[in-house]
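Engineer: Contents of upload-v2.tsv (TSV, C-alpha atoms) are given next:
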chain	number	residue	atom	x	y	z
A	1	GLY	CA	143.54	-203.84	56.44
A	2	GLN	CA	140.46	-205.94	56.59
A	3	GLN	CA	140.14	-208.34	59.51
A	4	LEU	CA	140.22	-211.99	58.47
A	5	ASN	CA	139.38	-214.48	61.17
A	6	GLN	CA	141.05	-217.78	60.44
A	7	SER	CA	140.49	-220.86	62.55
A	8	PRO	CA	141.64	-223.02	64.05
A	9	GLN	CA	144.97	-221.45	64.94
A	10	SER	CA	146.67	-224.84	65.00
A	11	MET	CA	145.87	-228.50	64.45
A	12	PHE	CA	147.74	-231.61	65.50
A	13	ILE	CA	146.41	-234.69	63.74
A	14	GLN	CA	147.31	-238.22	62.77
A	15	GLU	CA	148.13	-239.25	59.25
A	16	GLY	CA	145.03	-240.27	57.35
A	17	GLU	CA	142.68	-237.89	59.14
A	18	ASP	CA	140.69	-235.23	57.32
A	19	VAL	CA	141.29	-231.55	58.11
A	20	SER	CA	138.98	-228.58	57.89
A	21	MET	CA	139.82	-224.91	58.39
A	22	ASN	CA	137.98	-221.72	57.61
A	23	CYS	CA	138.23	-218.00	57.19
A	24	THR	CA	135.55	-215.40	57.85
A	25	SER	CA	135.27	-211.67	57.45
A	26	SER	CA	132.73	-208.92	57.99
A	27	SER	CA	133.47	-207.63	54.48
A	28	ILE	CA	132.54	-208.99	51.08
A	29	PHE	CA	135.26	-210.11	48.67
A	30	ASN	CA	135.33	-211.17	45.03
A	31	THR	CA	138.36	-213.42	45.49
A	32	TRP	CA	139.43	-215.90	48.15
A	33	LEU	CA	142.88	-217.46	47.99
A	34	TRP	CA	144.42	-220.30	49.99
A	35	TYR	CA	148.19	-220.58	50.39
A	36	LYS	CA	150.50	-223.01	52.18
A	37	GLN	CA	153.80	-221.88	53.64
A	38	GLU	CA	156.57	-224.12	54.91
A	39	PRO	CA	159.39	-222.83	57.14
A	40	GLY	CA	161.83	-220.61	55.25
A	41	GLU	CA	159.81	-220.77	52.04
A	42	GLY	CA	157.40	-218.46	50.28
A	43	PRO	CA	153.63	-219.03	50.31
A	44	VAL	CA	152.52	-221.47	47.62
A	45	LEU	CA	149.12	-220.92	46.06
A	46	LEU	CA	146.87	-223.94	46.61
A	47	ILE	CA	143.47	-222.85	45.39
A	48	ALA	CA	142.01	-219.62	44.04
A	49	LEU	CA	138.27	-218.93	44.20
A	50	TYR	CA	136.61	-216.22	42.14
A	51	LYS	CA	132.87	-216.92	42.32
A	52	ALA	CA	130.48	-217.09	45.27
A	53	GLY	CA	129.45	-220.68	45.94
A	54	GLU	CA	132.33	-222.05	43.90
A	55	LEU	CA	133.75	-225.38	45.08
A	56	THR	CA	137.20	-226.19	43.73
A	57	SER	CA	139.49	-229.16	44.26
A	58	ASN	CA	143.22	-229.60	43.88
A	59	GLY	CA	144.07	-233.24	44.58
A	60	ARG	CA	143.18	-233.96	48.20
A	61	LEU	CA	142.39	-230.29	48.82
A	62	THR	CA	138.95	-228.80	48.41
A	63	ALA	CA	138.02	-225.17	49.01
A	64	GLN	CA	134.71	-223.33	48.81
A	65	PHE	CA	133.87	-219.65	48.34
A	66	GLY	CA	131.00	-218.92	50.71
A	67	ILE	CA	127.71	-217.87	49.16
A	68	THR	CA	127.67	-214.68	51.25
A	69	ARG	CA	131.17	-213.85	49.91
A	70	LYS	CA	132.27	-213.31	53.51
A	71	ASP	CA	133.85	-216.70	54.17
A	72	SER	CA	135.73	-219.64	52.74
A	73	PHE	CA	136.82	-223.05	53.94
A	74	LEU	CA	139.62	-225.44	53.03
A	75	ASN	CA	139.45	-229.18	53.53
A	76	ILE	CA	142.31	-231.65	53.28
A	77	SER	CA	141.36	-235.29	52.99
A	78	ALA	CA	143.49	-238.25	54.11
A	79	SER	CA	146.32	-236.09	55.44
A	80	ILE	CA	149.94	-237.13	54.99
A	81	PRO	CA	153.11	-235.92	56.77
A	82	SER	CA	154.07	-233.59	53.92
A	83	ASP	CA	150.86	-231.61	54.53
A	84	VAL	CA	152.69	-230.03	57.48
A	85	GLY	CA	152.90	-226.27	57.22
A	86	ILE	CA	150.96	-223.07	57.80
A	87	TYR	CA	147.85	-222.54	55.73
A	88	PHE	CA	146.74	-218.98	55.02
A	89	CYS	CA	143.61	-217.56	53.53
A	90	ALA	CA	144.03	-214.27	51.69
A	91	VAL	CA	141.83	-211.69	50.02
A	92	PRO	CA	142.55	-208.65	47.87
A	93	PRO	CA	142.73	-205.26	49.60
A	94	ASN	CA	140.12	-202.54	49.77
A	95	SER	CA	142.91	-200.07	49.11
A	96	GLY	CA	146.50	-200.49	48.02
A	97	TYR	CA	147.82	-203.66	46.43
A	98	ALA	CA	148.85	-205.94	49.29
A	99	LEU	CA	146.98	-209.17	49.75
A	100	ASN	CA	145.39	-209.33	53.18
A	101	PHE	CA	146.30	-212.60	54.90
A	102	GLY	CA	144.65	-214.41	57.76
A	103	LYS	CA	146.84	-215.32	60.72
A	104	GLY	CA	147.25	-218.86	59.49
A	105	THR	CA	146.42	-222.37	60.62
A	106	SER	CA	149.47	-224.35	61.65
A	107	LEU	CA	149.07	-228.03	60.74
A	108	LEU	CA	151.13	-230.83	62.24
A	109	VAL	CA	150.66	-234.39	61.01
A	110	THR	CA	152.10	-237.37	62.84
A	111	PRO	CA	152.80	-240.63	60.98
B	1	GLU	CA	161.96	-222.81	34.66
B	2	THR	CA	158.43	-221.86	35.70
B	3	GLY	CA	156.86	-219.61	38.31
B	4	VAL	CA	158.73	-217.05	40.37
B	5	THR	CA	162.38	-217.55	41.24
B	6	GLN	CA	164.52	-215.65	43.73
B	7	THR	CA	168.25	-215.54	44.29
B	8	PRO	CA	170.07	-215.89	46.53
B	9	ARG	CA	168.01	-218.10	48.81
B	10	HIS	CA	170.12	-217.17	51.83
B	11	LEU	CA	172.22	-214.07	52.45
B	12	VAL	CA	174.30	-212.99	55.42
B	13	MET	CA	175.67	-209.46	55.30
B	14	GLY	CA	177.28	-206.93	57.54
B	15	MET	CA	175.79	-203.52	58.16
B	16	THR	CA	178.27	-201.83	55.83
B	17	ASN	CA	177.81	-204.21	52.91
B	18	LYS	CA	175.93	-203.62	49.68
B	19	LYS	CA	174.04	-206.53	48.19
B	20	SER	CA	171.15	-207.13	45.82
B	21	LEU	CA	168.25	-209.55	45.79
B	22	LYS	CA	166.97	-210.76	42.45
B	23	CYS	CA	163.52	-211.94	41.44
B	24	GLU	CA	162.43	-213.30	38.08
B	25	GLN	CA	158.95	-214.32	37.03
B	26	HIS	CA	158.29	-216.64	34.10
B	27	LEU	CA	154.50	-216.16	34.08
B	28	GLY	CA	154.16	-213.23	31.71
B	29	HIS	CA	152.74	-211.07	34.50
B	30	ASN	CA	152.66	-207.29	34.51
B	31	ALA	CA	152.83	-206.58	38.25
B	32	MET	CA	155.57	-207.46	40.72
B	33	TYR	CA	155.83	-206.97	44.47
B	34	TRP	CA	158.39	-207.04	47.28
B	35	TYR	CA	157.17	-208.19	50.69
B	36	LYS	CA	159.00	-208.52	53.99
B	37	GLN	CA	158.10	-211.31	56.41
B	38	SER	CA	159.53	-211.06	59.92
B	39	ALA	CA	159.12	-213.68	62.60
B	40	LYS	CA	155.69	-213.61	64.24
B	41	LYS	CA	154.55	-210.73	62.03
B	42	PRO	CA	152.22	-210.59	59.03
B	43	LEU	CA	153.54	-209.97	55.56
B	44	GLU	CA	154.45	-206.33	54.94
B	45	LEU	CA	154.21	-204.97	51.42
B	46	MET	CA	157.27	-202.90	50.56
B	47	PHE	CA	157.12	-201.99	46.87
B	48	VAL	CA	154.81	-202.53	43.92
B	49	TYR	CA	155.66	-202.28	40.23
B	50	SER	CA	153.29	-202.33	37.29
B	51	LEU	CA	154.79	-202.52	33.80
B	52	GLU	CA	158.15	-201.48	35.23
B	53	GLU	CA	156.72	-198.38	36.91
B	54	ARG	CA	156.75	-198.13	40.69
B	55	VAL	CA	153.20	-197.59	41.91
B	56	GLU	CA	153.63	-198.01	45.65
B	57	ASN	CA	156.36	-197.42	48.21
B	58	ASN	CA	155.06	-198.22	51.68
B	59	SER	CA	157.26	-195.87	53.73
B	60	VAL	CA	160.25	-198.13	53.24
B	61	PRO	CA	163.62	-196.74	54.43
B	62	SER	CA	165.94	-195.55	51.69
B	63	ARG	CA	168.47	-198.26	52.54
B	64	PHE	CA	166.16	-200.48	50.45
B	65	SER	CA	166.19	-199.50	46.79
B	66	PRO	CA	164.06	-201.40	44.25
B	67	GLU	CA	164.69	-201.66	40.54
B	68	CYS	CA	162.48	-203.12	37.82
B	69	PRO	CA	164.35	-203.11	34.49
B	70	ASN	CA	161.60	-205.05	32.70
B	71	SER	CA	158.34	-206.77	33.57
B	72	SER	CA	160.07	-210.09	34.26
B	73	HIS	CA	162.78	-208.93	36.64
B	74	LEU	CA	162.75	-207.16	39.97
B	75	PHE	CA	165.71	-206.30	42.17
B	76	LEU	CA	166.04	-205.08	45.73
B	77	HIS	CA	169.31	-203.29	46.37
B	78	LEU	CA	170.43	-203.26	49.98
B	79	HIS	CA	172.95	-200.97	51.69
B	80	THR	CA	173.82	-200.07	55.27
B	81	LEU	CA	171.14	-202.35	56.66
B	82	GLN	CA	170.34	-202.80	60.33
B	83	PRO	CA	170.03	-206.07	62.26
B	84	GLU	CA	166.27	-205.51	62.52
B	85	ASP	CA	166.12	-205.79	58.72
B	86	SER	CA	166.81	-209.51	59.05
B	87	ALA	CA	163.79	-211.28	57.61
B	88	LEU	CA	162.46	-213.38	54.76
B	89	TYR	CA	162.10	-211.19	51.67
B	90	LEU	CA	159.46	-212.41	49.27
B	91	CYS	CA	158.86	-211.46	45.68
B	92	ALA	CA	155.46	-211.97	44.10
B	93	SER	CA	153.84	-211.34	40.74
B	94	SER	CA	150.30	-211.07	39.43
B	95	GLN	CA	148.79	-210.82	35.97
B	96	GLU	CA	147.69	-207.28	36.70
B	97	LEU	CA	147.77	-205.13	39.85
B	98	THR	CA	145.78	-206.71	42.68
B	99	ARG	CA	142.66	-204.57	43.04
B	100	GLY	CA	139.91	-207.00	43.96
B	101	PHE	CA	138.67	-207.62	40.42
B	102	GLY	CA	139.09	-211.39	40.49
B	103	LEU	CA	141.33	-213.53	38.33
B	104	THR	CA	144.08	-210.96	37.93
B	105	ASP	CA	144.34	-210.49	41.72
B	106	THR	CA	146.11	-213.74	42.39
B	107	GLN	CA	149.69	-213.24	43.49
B	108	TYR	CA	152.29	-215.96	43.01
B	109	PHE	CA	155.19	-215.91	45.41
B	110	GLY	CA	158.81	-216.87	45.02
B	111	PRO	CA	160.61	-219.04	47.57
B	112	GLY	CA	162.11	-216.00	49.30
B	113	THR	CA	165.53	-214.83	50.36
B	114	ARG	CA	166.39	-215.39	54.02
B	115	LEU	CA	168.42	-212.30	54.95
B	116	THR	CA	170.52	-212.05	58.08
B	117	VAL	CA	172.18	-208.73	58.93
B	118	LEU	CA	175.01	-208.96	61.42
What would the structure in this file look like if it were written as structure tokens?
Structural biologist:
Amino acid sequence: GQQLNQSPQSMFIQEGEDVSMNCTSSSIFNTWLWYKQEPGEGPVLLIALYKAGELTSNGRLTAQFGITRKDSFLNISASIPSDVGIYFCAVPPNSGYALNFGKGTSLLVTP
Amino acid sequence: ETGVTQTPRHLVMGMTNKKSLKCEQHLGHNAMYWYKQSAKKPLELMFVYSLEERVENNSVPSRFSPECPNSSHLFLHLHTLQPEDSALYLCASSQELTRGFGLTDTQYFGPGTRLTVL
């Protein structure tokens, strides 16, 4: 599948701090998706982006679809302990039907 | 109930048992997927159904047998599994098959079934 470079690999922050993570690729995509997964649970869709340059918010989360269509970022403002989990970017495949996921950013938030 | 539901949430079975995993989506979607997620590994797509027709089988062993009786329900029948089959099994659905066209690509996942094979 396509290589998605997601960074950082992990973050350990204090409650109230803002968080920023990103995903890049050498390929162009028409869709960028951001999911959050908690241990033992399925990925939960946070934000879906369908247009280059699009900036979309979902509560304290904001994600942008890069203008080159090769990258996306996710910001979390004023983090809280329940933000803990692994955040994945994902894009549709060039062939087949499986979403292609980044390796994830593991977020830990201390009170 | 909304979204994608999966039952059971946890399953422990012996290698000689036969069990089934159930997935139901309440989103009116036409495509459904089974994924396997093992520890420290990326998600692996197992099967894909579109309008109850199987469109992809990613070299999955025959001890896993999917069934899609209608566009809202998907089953994974399990028999004579191996310990290495222990994993989180995730069901997902999308409005249409994910092909990179945009809105219809988005897959919604269920909470998963944590399977342990003894």
Engineer: Could you please tell me, as a JSON list (two decimals) with C-alpha atoms, in the coordinates of the input, which residues of chain A have an atom within 10 Å of chain B when using all atoms listed in the file?
Structural biologist:
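File written: part_22.json
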[["chain", "number", "residue", "atom", "x", "y", "z"],
["A", 29, "PHE", "CA", 135.26, -210.11, 48.67],
["A", 30, "ASN", "CA", 135.33, -211.17, 45.03],
["A", 31, "THR", "CA", 138.36, -213.42, 45.49],
["A", 32, "TRP", "CA", 139.43, -215.90, 48.15],
["A", 33, "LEU", "CA", 142.88, -217.46, 47.99],
["A", 35, "TYR", "CA", 148.19, -220.58, 50.39],
["A", 37, "GLN", "CA", 153.80, -221.88, 53.64],
["A", 38, "GLU", "CA", 156.57, -224.12, 54.91],
["A", 40, "GLY", "CA", 161.83, -220.61, 55.25],
["A", 41, "GLU", "CA", 159.81, -220.77, 52.04],
["A", 42, "GLY", "CA", 157.40, -218.46, 50.28],
["A", 43, "PRO", "CA", 153.63, -219.03, 50.31],
["A", 44, "VAL", "CA", 152.52, -221.47, 47.62],
["A", 45, "LEU", "CA", 149.12, -220.92, 46.06],
["A", 47, "ILE", "CA", 143.47, -222.85, 45.39],
["A", 48, "ALA", "CA", 142.01, -219.62, 44.04],
["A", 49, "LEU", "CA", 138.27, -218.93, 44.20],
["A", 50, "TYR", "CA", 136.61, -216.22, 42.14],
["A", 51, "LYS", "CA", 132.87, -216.92, 42.32],
["A", 90, "ALA", "CA", 144.03, -214.27, 51.69],
["A", 91, "VAL", "CA", 141.83, -211.69, 50.02],
["A", 92, "PRO", "CA", 142.55, -208.65, 47.87],
["A", 93, "PRO", "CA", 142.73, -205.26, 49.60],
["A", 94, "ASN", "CA", 140.12, -202.54, 49.77],
["A", 95, "SER", "CA", 142.91, -200.07, 49.11],
["A", 96, "GLY", "CA", 146.50, -200.49, 48.02],
["A", 97, "TYR", "CA", 147.82, -203.66, 46.43],
["A", 98, "ALA", "CA", 148.85, -205.94, 49.29],
["A", 99, "LEU", "CA", 146.98, -209.17, 49.75],
["A", 100, "ASN", "CA", 145.39, -209.33, 53.18],
["A", 101, "PHE", "CA", 146.30, -212.60, 54.90],
["A", 102, "GLY", "CA", 144.65, -214.41, 57.76],
["A", 103, "LYS", "CA", 146.84, -215.32, 60.72],
["A", 104, "GLY", "CA", 147.25, -218.86, 59.49]]
Engineer: Output, as JSON, the centre and edge lengths in Å (one decimal) of the axis-aligned box that contains all listed atoms of segment 39-42 of chain A with 6 Å of margin on each side.
Structural biologist:
{"center_x": 159.6, "center_y": -220.6, "center_z": 53.7, "size_x": 16.4, "size_y": 16.4, "size_z": 18.9}
Engineer: Calculated over only C-alpha atoms, which of the candidates B:Asn30, B:Gln25, B:Thr116, B:Gln6 has the smallest distance to Gln82 of chain B?
Structural biologist: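 Smallest distance to Gln82 of chain B is found for B:Thr116.
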Engineer: For the atom pair atom CA of Leu78 of chain B and atom CA of Glu24 of chain B, what is the interatomic distance in Å to one decimal place?
Structural biologist: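 Atom-to-atom, atom CA of Leu78 of chain B to atom CA of Glu24 of chain B, that is 17.5 Å.
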Engineer: Excluding same-chain residues fewer than 5 positions from Phe75 of chain B, what lies within 9 Å of it counting all atoms listed in the file, as a ChimeraX atom specification?
Structural biologist: /B:20-24,34,65-69
Engineer: Could you tell me how far atom CA of Tyr87 of chain A sits from atom CA of Glu54 of chain A, in Å to one decimal place?
Structural biologist: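 Distance between the two atoms: 19.5 Å.
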Engineer: Suppose you want the space between atom CA of Gln6 of chain A and atom CA of Ser93 of chain B; what is it in Å?
Structural biologist: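 Distance reported for this atom pair: 24.4 Å.
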Engineer: Taking only C-alpha atoms into account, which of A:Cys89, A:Ala52, A:Ala78, A:Leu46 comes nearest Met21 of chain A?
Structural biologist: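 Result for the nearest residue to Met21 of chain A: A:Cys89.
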Engineer: Under the rule that only C-alpha atoms are counted, which of A:Ser82, A:Thr56, A:Ser20, A:Ser26 is the nearest residue to Thr68 of chain A?
Structural biologist: A:Ser26
Engineer: Within 7 Å of Glu17 of chain A, counting all atoms listed in the file, which residues show up once you throw out same-chain ones fewer than 3 positions away? Write them as a ChimeraX atom specification, please.
Structural biologist: /A:13-14,77-79
Engineer: Just want the 10 Å neighbourhood of Leu118 of chain B, counted on only C-alpha atoms, with same-chain residues fewer than 5 positions away dropped. Output as a list of chain:residue names.
Structural biologist: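 Using only C-alpha atoms, the neighbours found are B:Val12, B:Met13, B:Gly14, B:Met15, B:Thr16, B:Leu81, B:Gln82, B:Pro83, B:Glu84, B:Asp85, B:Ser86.
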Engineer: Which is closest to Ser94 of chain B among B:His26, B:Leu11, B:Ser59, B:Lys18, if we use all atoms listed in the file?
Structural biologist: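 Closest to Ser94 of chain B of all the choices is B:His26.
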